[in-house]
Every structure is written in structure tokens, then in C-alpha cells.
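Peer 1: Here you go, coords17.cif (mmCIF, C-alpha atoms):
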data_my_file
#
loop_
_atom_site.label_atom_id
_atom_site.label_comp_id
_atom_site.auth_asym_id
_atom_site.auth_seq_id
_atom_site.Cartn_x
_atom_site.Cartn_y
_atom_site.Cartn_z
CA MET I 1 0.00 0.00 0.00
CA ALA I 2 1.29 3.48 -0.83
CA GLY I 3 2.45 5.14 2.32
CA SER I 4 3.61 1.92 4.04
CA SER I 5 7.27 1.67 2.97
CA VAL I 6 10.15 2.89 5.13
CA ILE I 7 12.99 4.24 3.01
CA GLN I 8 16.57 4.49 4.21
CA THR I 9 19.43 4.43 1.75
CA ARG I 10 23.16 3.85 2.12
CA GLU I 11 25.91 5.12 -0.14
CA GLY I 12 29.46 4.45 0.98
CA GLU I 13 30.01 6.20 4.31
CA TRP I 14 26.55 7.75 4.21
CA THR I 15 23.32 6.45 5.75
CA SER I 16 20.26 8.56 5.08
CA ALA I 17 17.56 9.53 7.53
CA LYS I 18 14.36 7.47 7.50
CA TYR I 19 11.47 8.44 5.25
CA TRP I 20 8.02 7.15 4.47
CA ASP I 21 6.79 6.65 0.93
CA VAL I 22 3.57 8.68 0.96
CA LEU I 23 1.84 9.09 -2.39
CA GLY I 24 5.18 8.72 -4.12
CA LEU I 25 6.86 11.37 -1.98
CA TYR I 26 9.55 10.99 0.66
CA ILE I 27 8.02 12.24 3.90
CA PRO I 28 10.26 12.47 7.02
CA TYR I 29 9.76 9.51 9.34
CA ILE I 30 9.04 11.71 12.37
CA PHE I 31 6.07 13.40 10.69
CA THR I 32 3.76 10.46 11.36
CA ASN I 33 3.64 6.94 12.78
CA ASP I 34 0.86 6.01 10.36
CA PRO I 35 1.89 6.84 6.76
CA ALA I 36 -1.16 5.12 5.27
CA LEU I 37 -3.37 7.41 7.34
CA LEU I 38 -1.38 10.45 6.20
CA ALA I 39 -1.67 9.39 2.56
CA ASP I 40 -5.42 9.01 2.96
CA TYR I 41 -5.67 12.34 4.79
CA ILE I 42 -3.83 14.19 2.02
CA ALA I 43 -5.78 12.49 -0.77
CA ASN I 44 -9.16 13.18 0.82
CA PHE I 45 -8.59 16.57 2.45
CA GLU I 46 -11.48 18.93 1.77
CA THR I 47 -10.37 22.45 0.95
CA ARG I 48 -12.45 25.56 1.50
CA PRO I 49 -12.73 28.33 -1.11
CA ASP I 50 -10.96 30.79 1.21
CA ASP I 51 -8.05 28.50 2.14
CA VAL I 52 -4.59 29.84 1.32
CA PHE I 53 -1.74 27.40 0.75
CA VAL I 54 1.85 28.65 0.70
CA VAL I 55 3.76 26.03 -1.26
CA SER I 56 7.45 25.48 -1.95
CA TYR I 57 10.29 23.05 -2.20
CA PRO I 58 11.96 23.13 1.24
CA ARG I 59 14.35 26.01 2.01
CA SER I 60 12.99 28.25 -0.74
CA GLY I 61 11.63 31.25 1.17
CA THR I 62 8.54 29.61 2.62
CA THR I 63 8.83 31.27 6.03
CA LEU I 64 9.11 34.72 4.46
CA VAL I 65 6.03 34.30 2.28
CA GLN I 66 4.05 32.80 5.16
CA GLU I 67 4.82 35.83 7.30
CA ILE I 68 3.84 38.24 4.52
CA VAL I 69 0.51 36.44 4.06
CA TRP I 70 -0.18 36.33 7.80
CA GLN I 71 0.56 40.03 8.21
CA ILE I 72 -1.65 40.90 5.23
CA TYR I 73 -4.55 39.15 6.95
CA ASN I 74 -3.71 40.80 10.27
CA GLU I 75 -3.21 44.44 9.26
CA GLY I 76 0.56 44.33 9.60
CA ALA I 77 0.59 42.98 13.16
CA ILE I 78 3.70 41.29 14.54
CA SER I 79 3.01 38.17 16.58
CA SER I 80 5.18 36.45 19.18
CA GLU I 81 3.16 33.26 18.69
CA LYS I 82 5.13 30.66 16.80
CA GLN I 83 4.49 30.73 13.09
CA MET I 84 4.02 26.95 13.07
CA PHE I 85 0.80 27.46 15.05
CA ARG I 86 -0.38 30.57 13.18
CA PHE I 87 0.34 28.93 9.83
CA PRO I 88 0.49 25.13 10.31
CA PHE I 89 2.61 22.81 8.20
CA PHE I 90 0.17 20.44 6.50
CA GLU I 91 2.23 17.24 6.19
CA ASP I 92 3.77 17.63 9.64
CA SER I 93 0.60 18.62 11.48
CA ALA I 94 -2.14 16.44 10.00
CA CYS I 95 -1.21 13.05 11.52
CA ASN I 96 1.74 13.76 13.81
CA ALA I 97 2.11 11.34 16.71
CA ASN I 98 3.45 14.23 18.80
CA LYS I 99 0.33 16.03 20.03
CA GLN I 100 2.30 19.27 20.31
CA PHE I 101 2.39 19.44 16.52
CA LEU I 102 -0.99 17.89 15.75
CA VAL I 103 -3.55 20.22 14.16
CA ASP I 104 -7.22 19.53 13.52
CA PHE I 105 -7.59 21.42 10.26
CA LYS I 106 -11.34 20.80 10.20
CA THR I 107 -11.84 22.98 13.26
CA LEU I 108 -9.58 25.85 12.21
CA PRO I 109 -11.47 29.07 11.51
CA SER I 110 -11.50 30.50 8.00
CA PRO I 111 -9.45 31.58 6.26
CA ARG I 112 -7.11 28.69 6.95
CA LEU I 113 -3.47 29.57 6.20
CA ILE I 114 -1.56 26.38 5.41
CA LYS I 115 2.08 25.64 4.58
CA THR I 116 3.00 22.65 2.44
CA HIS I 117 5.91 21.18 0.50
CA LEU I 118 3.67 18.87 -1.53
CA THR I 119 3.95 18.62 -5.29
CA HIS I 120 1.25 20.09 -7.51
CA ASN I 121 -0.37 16.73 -8.19
CA THR I 122 -0.56 15.80 -4.49
CA THR I 123 -1.59 19.16 -3.00
CA PRO I 124 -5.28 19.10 -1.98
CA ARG I 125 -7.73 20.92 -4.22
CA SER I 126 -11.47 21.02 -4.69
CA ALA I 127 -13.16 19.01 -7.41
CA ASN I 128 -15.45 22.01 -7.89
CA LYS I 129 -13.74 24.42 -10.29
CA ASP I 130 -15.87 27.25 -8.93
CA ALA I 131 -14.73 26.67 -5.34
CA GLN I 132 -10.96 26.57 -5.73
CA CYS I 133 -8.79 27.95 -2.95
CA LYS I 134 -5.60 29.93 -3.53
CA TYR I 135 -2.02 28.71 -3.86
CA ILE I 136 1.07 30.89 -3.50
CA TYR I 137 4.17 29.11 -4.77
CA VAL I 138 7.67 30.40 -4.06
CA ALA I 139 10.73 29.05 -5.86
CA ARG I 140 14.42 29.75 -5.24
CA ASN I 141 17.53 29.05 -7.27
CA PRO I 142 18.51 25.45 -6.52
CA LYS I 143 22.13 26.18 -5.66
CA ASP I 144 21.14 28.39 -2.73
CA VAL I 145 18.40 25.93 -1.81
CA ALA I 146 21.01 23.17 -1.60
CA VAL I 147 23.28 25.19 0.71
CA SER I 148 20.36 26.27 2.90
CA TYR I 149 19.16 22.67 3.04
CA PHE I 150 22.68 21.55 4.00
CA HIS I 151 22.81 23.91 6.99
CA PHE I 152 19.25 23.06 8.01
CA ALA I 153 20.14 19.37 7.86
CA GLU I 154 22.96 19.92 10.34
CA HIS I 155 20.30 20.91 12.88
CA LEU I 156 17.97 18.12 11.77
CA LYS I 157 20.72 15.65 12.64
CA LYS I 158 19.99 16.35 16.32
CA ILE I 159 16.54 14.81 15.91
CA GLY I 160 17.53 12.03 13.51
CA MET I 161 16.41 13.65 10.27
CA ARG I 162 19.70 14.25 8.48
CA GLY I 163 21.26 10.84 8.36
CA GLU I 164 24.78 9.86 9.35
CA GLY I 165 28.03 10.50 7.52
CA PRO I 166 30.71 13.10 6.82
CA ARG I 167 29.58 16.66 6.08
CA ARG I 168 31.75 16.78 2.96
CA LEU I 169 29.98 13.69 1.60
CA TYR I 170 26.57 15.19 2.25
CA ILE I 171 27.09 18.44 0.35
CA HIS I 172 29.13 17.01 -2.52
CA THR I 173 27.52 13.61 -3.04
CA ILE I 174 24.23 13.14 -1.20
CA MET I 175 22.65 16.56 -1.86
CA PRO I 176 22.87 16.24 -5.67
CA VAL I 177 21.28 12.80 -5.39
CA LEU I 178 18.46 14.26 -3.29
CA PHE I 179 17.91 17.04 -5.80
CA CYS I 180 17.93 14.75 -8.82
CA GLU I 181 16.27 11.56 -7.57
CA VAL I 182 14.55 11.98 -4.19
CA ASN I 183 11.69 14.51 -4.23
CA ALA I 184 13.48 16.07 -7.21
CA TRP I 185 13.67 19.88 -7.12
CA ASN I 186 13.09 20.32 -10.84
CA ASP I 187 9.99 18.11 -10.86
CA HIS I 188 8.55 19.99 -7.89
CA VAL I 189 9.17 23.47 -9.29
CA LEU I 190 8.15 22.65 -12.87
CA GLY I 191 4.96 20.99 -11.66
CA TRP I 192 3.84 24.34 -10.26
CA TRP I 193 5.42 26.45 -13.01
CA LYS I 194 3.11 24.77 -15.52
CA HIS I 195 0.19 26.21 -13.55
CA LYS I 196 1.58 29.73 -13.01
CA ASP I 197 -1.18 31.23 -15.14
CA ASP I 198 -4.02 29.50 -13.31
CA PRO I 199 -6.30 32.16 -11.78
CA ASN I 200 -5.91 30.70 -8.28
CA VAL I 201 -2.11 30.37 -8.41
CA VAL I 202 0.61 32.99 -8.06
CA PHE I 203 4.21 31.94 -8.73
CA LEU I 204 6.95 33.92 -6.98
CA LYS I 205 10.74 33.77 -6.93
CA TYR I 206 12.71 34.30 -3.75
CA GLU I 207 15.32 36.37 -5.58
CA ASP I 208 12.66 38.82 -6.84
CA LEU I 209 11.35 39.25 -3.30
CA HIS I 210 14.88 39.90 -2.12
CA LYS I 211 15.49 42.56 -4.77
CA ASP I 212 12.30 44.58 -4.23
CA LEU I 213 9.85 43.40 -1.58
CA PRO I 214 7.07 46.09 -1.47
CA PRO I 215 5.67 45.47 -4.98
CA HIS I 216 5.58 41.74 -4.27
CA VAL I 217 3.72 42.31 -1.01
CA ARG I 218 1.18 44.21 -3.12
CA ILE I 219 1.01 41.36 -5.67
CA ILE I 220 0.26 38.91 -2.87
CA ALA I 221 -2.28 41.23 -1.20
CA ASN I 222 -4.14 41.84 -4.47
CA PHE I 223 -4.10 38.12 -5.26
CA LEU I 224 -5.75 37.51 -1.89
CA ASN I 225 -8.31 40.25 -2.56
CA LYS I 226 -6.90 42.23 0.35
CA PRO I 227 -5.97 45.65 -1.10
CA LEU I 228 -3.77 47.59 1.30
CA SER I 229 -2.60 51.17 1.61
CA ASP I 230 0.90 52.14 0.51
CA GLU I 231 1.78 52.78 4.16
CA LEU I 232 0.73 49.27 5.22
CA ILE I 233 2.41 47.66 2.22
CA ASN I 234 5.70 49.36 3.11
CA ARG I 235 5.37 48.50 6.79
CA ILE I 236 4.77 44.82 6.09
CA ALA I 237 7.68 44.80 3.64
CA GLU I 238 10.00 46.35 6.24
CA GLN I 239 8.86 43.92 8.94
CA CYS I 240 9.39 41.00 6.58
CA THR I 241 12.93 41.84 5.59
CA PHE I 242 15.45 39.38 6.97
CA LYS I 243 16.52 42.00 9.53
CA GLY I 244 12.92 42.64 10.55
CA MET I 245 12.12 38.96 10.96
CA LYS I 246 15.32 38.29 12.94
CA GLU I 247 14.04 40.76 15.53
CA ASN I 248 11.20 38.31 16.17
CA GLU I 249 13.29 35.18 15.59
CA LYS I 250 11.73 33.05 18.34
CA SER I 251 8.44 33.15 16.44
CA TYR I 252 10.07 31.17 13.62
CA LYS I 253 11.60 28.40 15.70
CA THR I 254 9.90 25.04 16.02
CA ARG I 255 10.66 24.84 19.74
CA ASP I 256 12.49 26.79 22.43
CA ASP I 257 15.29 24.36 23.26
CA VAL I 258 18.69 23.90 21.65
CA GLN I 259 17.28 21.28 19.26
CA SER I 260 15.05 23.85 17.61
CA SER I 261 15.44 23.92 13.84
CA PRO I 262 16.22 27.50 12.74
CA LEU I 263 13.94 28.56 9.89
CA LEU I 264 15.93 31.78 9.44
CA ARG I 265 19.63 31.57 8.57
CA LYS I 266 21.15 34.28 6.33
CA GLY I 267 18.51 35.23 3.80
CA VAL I 268 21.01 35.99 1.02
CA VAL I 269 21.25 35.31 -2.70
CA GLY I 270 24.50 33.78 -3.96
CA GLY I 271 25.70 32.03 -0.81
CA TRP I 272 26.24 28.87 -2.85
CA LYS I 273 29.49 30.34 -4.26
CA SER I 274 31.21 29.76 -0.91
CA TYR I 275 30.39 26.04 -0.96
CA PHE I 276 30.22 24.78 -4.53
CA THR I 277 33.33 23.34 -6.10
CA PRO I 278 33.65 23.67 -9.89
CA GLU I 279 32.77 19.98 -10.14
CA LEU I 280 29.62 20.35 -8.02
CA ASN I 281 28.57 23.45 -9.92
CA GLU I 282 28.98 21.60 -13.21
CA ARG I 283 26.89 18.73 -11.89
CA PHE I 284 24.07 21.07 -10.83
CA GLU I 285 24.16 22.88 -14.16
CA LYS I 286 23.79 19.61 -16.01
CA GLU I 287 21.62 17.44 -13.79
CA VAL I 288 19.37 20.05 -12.15
CA LEU I 289 19.25 23.22 -14.24
CA GLY I 290 19.55 21.31 -17.48
CA LYS I 291 16.08 19.92 -16.85
CA ILE I 292 14.42 23.35 -16.77
CA LYS I 293 15.98 24.67 -19.99
CA GLY I 294 13.38 25.60 -22.55
CA THR I 295 10.60 25.97 -19.97
CA GLY I 296 10.90 29.75 -19.60
CA LEU I 297 11.79 29.42 -15.92
CA GLU I 298 15.00 31.24 -15.04
CA PHE I 299 16.69 32.28 -11.80
CA ASP I 300 19.14 34.86 -10.52
CA PHE I 301 22.15 33.20 -8.88
CA GLU I 302 23.61 36.39 -7.45
CA ILE I 303 22.39 39.94 -6.96
#
Can the structure in the file be given as C-alpha cells, please?

Peer 2:
Amino acid sequence: MAGSSVIQTREGEWTSAKYWDVLGLYIPYIFTNDPALLADYIANFETRPDDVFVVSYPRSGTTLVQEIVWQIYNEGAISSEKQMFRFPFFEDSACNANKQFLVDFKTLPSPRLIKTHLTHNTTPRSANKDAQCKYIYVARNPKDVAVSYFHFAEHLKKIGMRGEGPRRLYIHTIMPVLFCEVNAWNDHVLGWWKHKDDPNVVFLKYEDLHKDLPPHVRIIANFLNKPLSDELINRIAEQCTFKGMKENEKSYKTRDDVQSSPLLRKGVVGGWKSYFTPELNERFEKEVLGKIKGTGLEFDFEI
């Protein structure tokens, strides 16, 4: 049955973390103790017309866009409540054995603001074309995603989600494999890119947000049918800069202890240049970026 297989791979000195096969996706083992239930929950989840999903491949600017959306709906307020409770993570919260992270989405008031890393074909949607909710997708250049994922994984190691092996092996050998074969970045991004012109989808790039945030706050607000004043647009943009969000950093941590996974790291474009060898860069150009050539999707790799 889909959703029942435990996946753990070994390559030389490296042993991966454990994953479940859920609807063809690799879902972290700690997200649920019943993958079949999670698969059923995802496949049969009933959306509401005013639901808002913020969607991305991991480490692509999800936290930033979530905060922008939340502040748009809350008149630019800044909350000390953890973002994971204000804007729950769908795959992690739906069937989590840890009650601290469990969310009953059916009882959440509307509009429900939901984070997900699901692919386009597995993300819940209504069968009624006249009752579709909204999806905000954010993509980031894959080289910076890889480096951000690498640093995030160092923290995930504390809770058994990174796997075991040398750091050098992870960034130079395992990460390209993850990007090309396991929950492939290009498949995820292109799946949503093909729907960028759907009326209920807006497709954003992290690099564009980084270059000029206020007009993108307005794009998001208008997409959500929440027109805002110039003053409020600029205030939300300022509060959602990396500097502004770092001032409220505890809100973006998953817990308060030393094992907390930091959702904010550097917030820069081009950090990959400090980590990629010429050989790794060539591999990404060929195996990752080569697969998006001709699609019209392009990224900035430095600003």
C-alpha cells in the first residue's frame, strides 16, 4: 500500500535519515507513525474556497512568504506566537504522533493559512472548479536551496532527520542525489510552473522578493483580494525583511530548546558560491538546471 514503505538508503560512508513513501513522496519519518493514514488524509482533504496554501520546495523562502501572508490578513501585526501554530505545516501537522504538533484542520477558523511542500499533483484541491482555494508558490535558485538545506540538515541531525556520515559527503555527493532523484527539485518546481497562469495560483521567486519586496507584497495582497494602503504595504515589507524577521526570531523556531530547527539563517542570494566546487557546480548545471531549460523558468544566482 502506498504510504507503508520505510525508506533508508546507504551510499558508501553515508546512511540517510528514514522516510516514508507517501503518495510517491519521501516524507520524514518523524512526521507520522501512520503513513497510510497520512496518505489518505492528504488524498481526501477537503479544501475551503478561502483556504490559502503557501507552497514550496523546502528552504525556498517559505517562512518569508508565510509571514507576509499572515501580516496581510492581520493588518501588519507582529506576533510572538510561533508561526508553526499561526500557519500550520500540513504534512507535519495532519497526523503527527506528537500532540504538540498535531492540528485539527477541520476545526480551524476560516481563512485557513496552510504551509506545504507537496507537489502540484498531491496538494489538496477542490473538485469544484468554482470553489478553488488559492495557492502561492515560491521558488528559489537550486544552488542556494542546496546550501540552505545543507545547513538546516545539520540541525535536523539532532533529531535524527539528516542521516549519518561526513559533512563533505553530504554536500558534494548526497545533496545532488536528493535534488535529482529523491523529491526532485526540478519536478517539484516545474509541476507548479506549468500552472503559473491558473487564476488561483501565483508563482513567486525568492530572488525577486529579495530585490524589491514592497511590490511583491502588493502582488500577494491583491491576489488575496486584500488591497492595502501604501503605508501598510511598506510597513509589512519592512517587517518581513530578513533583519525585521530576525528581531522576532523566536516566532520562527519550532521549539524553544537547543534542538530547535532554525527557519531563518542568512537570507542571502549567492551564498552557494562559498560552498560549490567547480565539479559540483557543473553537476548542478547539467543534472538540475539542465532539466528546466526551454521551460521559460529562469533564476538569478547572485544579486

Peer 1: Looking at all atoms listed in the file, which of I:Ala43, I:Leu213, I:Val145, I:Ala77 is the one that sits closest to Thr123 in chain I?

Peer 2: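 That would be I:Ala43, the residue with the smallest distance to Thr123 in chain I.
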
Peer 1: Residues at most 10 Å from Arg86 in chain I, counting only C-alpha atoms, excluding those fewer than 2 positions away in the same chain, as a list in words?

Peer 2: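 In the requested form, the answer reads Gln66, Glu67, Trp70, Ser79, Glu81, Lys82, Gln83, Met84, Pro88, Phe89, Arg112, Leu113, Ile114 and Ser251 of chain I.
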
Peer 1: List the residues selected by the PyMOL selection byres ((chain I and resi 214) around 7) in the file shown, writing them as a list in words.

Peer 2: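 Going through the file, the PyMOL selection byres ((chain I and resi 214) around 7) ends up selecting Asp212, Leu213, Pro215, His216, Val217, Arg218, Ile233, Asn234 and Ala237 of chain I.
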
Peer 1: Kindly indicate which residue among I:Lys246, I:Arg48, I:Arg140, I:Lys211 lies nearest to Leu297 in chain I, using all atoms listed in the file for the distances.

Peer 2: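 Using all atoms listed in the file, the shortest distance to Leu297 in chain I belongs to I:Arg140.
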
Peer 1: Could you work out how far CA of Val6 in chain I lies from CA of Asp21 in chain I, giving the answer in Å with one decimal?

Peer 2: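 Separating CA of Asp21 in chain I from CA of Val6 in chain I is a distance of 6.6 Å.
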
Peer 1: Decode the PyMOL selection byres ((chain I and resi 45) around 12) for the given file into explicit residues and return them as a list in words.

Peer 2: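 Checking the PyMOL selection byres ((chain I and resi 45) around 12) against this file, the residues are Leu37, Leu38, Ala39, Asp40, Tyr41, Ile42, Ala43, Asn44, Glu46, Thr47, Arg48, Asp51, Phe90, Glu91, Ala94, Asp104, Phe105, Lys106, Thr122, Thr123, Pro124, Arg125, Ser126 and Ala127 of chain I.
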
Peer 1: Between CA of Phe101 in chain I and CA of Arg59 in chain I, what is the distance, to one decimal in Å?

Peer 2: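 Taking CA of Phe101 in chain I as the start and CA of Arg59 in chain I as the end point, the length is 19.9 Å.
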
Peer 1: Using the chain letters and numbers from the file, which residues does the PyMOL selection byres ((chain I and resi 188-204) around 8) grab, as a count of residues only?

Peer 2: 26

Peer 1: Restricting the calculation to only C-alpha atoms, which member of I:Tyr252, I:Phe150, I:Phe276, I:Phe87 is positioned closest to Val54 in chain I?

Peer 2: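 The shortest atom-to-atom distance to Val54 in chain I comes from I:Phe87.
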
Peer 1: Which is closer to Gly76 in chain I than all the others in I:Ala221, I:Leu280, I:Val288, I:Leu102, using only C-alpha atoms?

Peer 2: I:Ala221

Peer 1: For Ile219 in chain I, which residue among I:Ile72, I:Thr9, I:Leu118, I:Lys18 is the nearest when counting only C-alpha atoms?

Peer 2: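 Of I:Ile72, I:Thr9, I:Leu118, I:Lys18, the one nearest Ile219 in chain I, counting only C-alpha atoms, is I:Ile72.
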
Peer 1: I'd like the interatomic distance between CA of Phe301 in chain I and CA of Glu207 in chain I, to a tenth of an Å.

Peer 2: 8.2 Å

Peer 1: Counting all atoms listed in the file, I want the residues whose atoms come within 9 Å of (10.6, 8.4, 2.5) in the file frame, returned as a PyMOL selection string.

Peer 2: chain I and resi 3+5-8+17-22+24-29+182

Peer 1: So which residues fall inside 6 Å of (8.6, 39.8, 16.9) if we count only C-alpha atoms? Mind giving them as a list of chain:residue names?

Peer 2: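 Looking at atoms near the point gives I:Ile78, I:Ser79, I:Ser80, I:Glu247, I:Asn248.
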
Peer 1: Padding 8 Å on each side, edges along x, y and z: where is the centre of the box around the listed atoms of range 207-222 of chain I, and how long are its edges in Å to one decimal? Output it as JSON.

Peer 2:
{"center_x": 5.7, "center_y": 41.2, "center_z": -3.9, "size_x": 35.6, "size_y": 25.7, "size_z": 21.8}
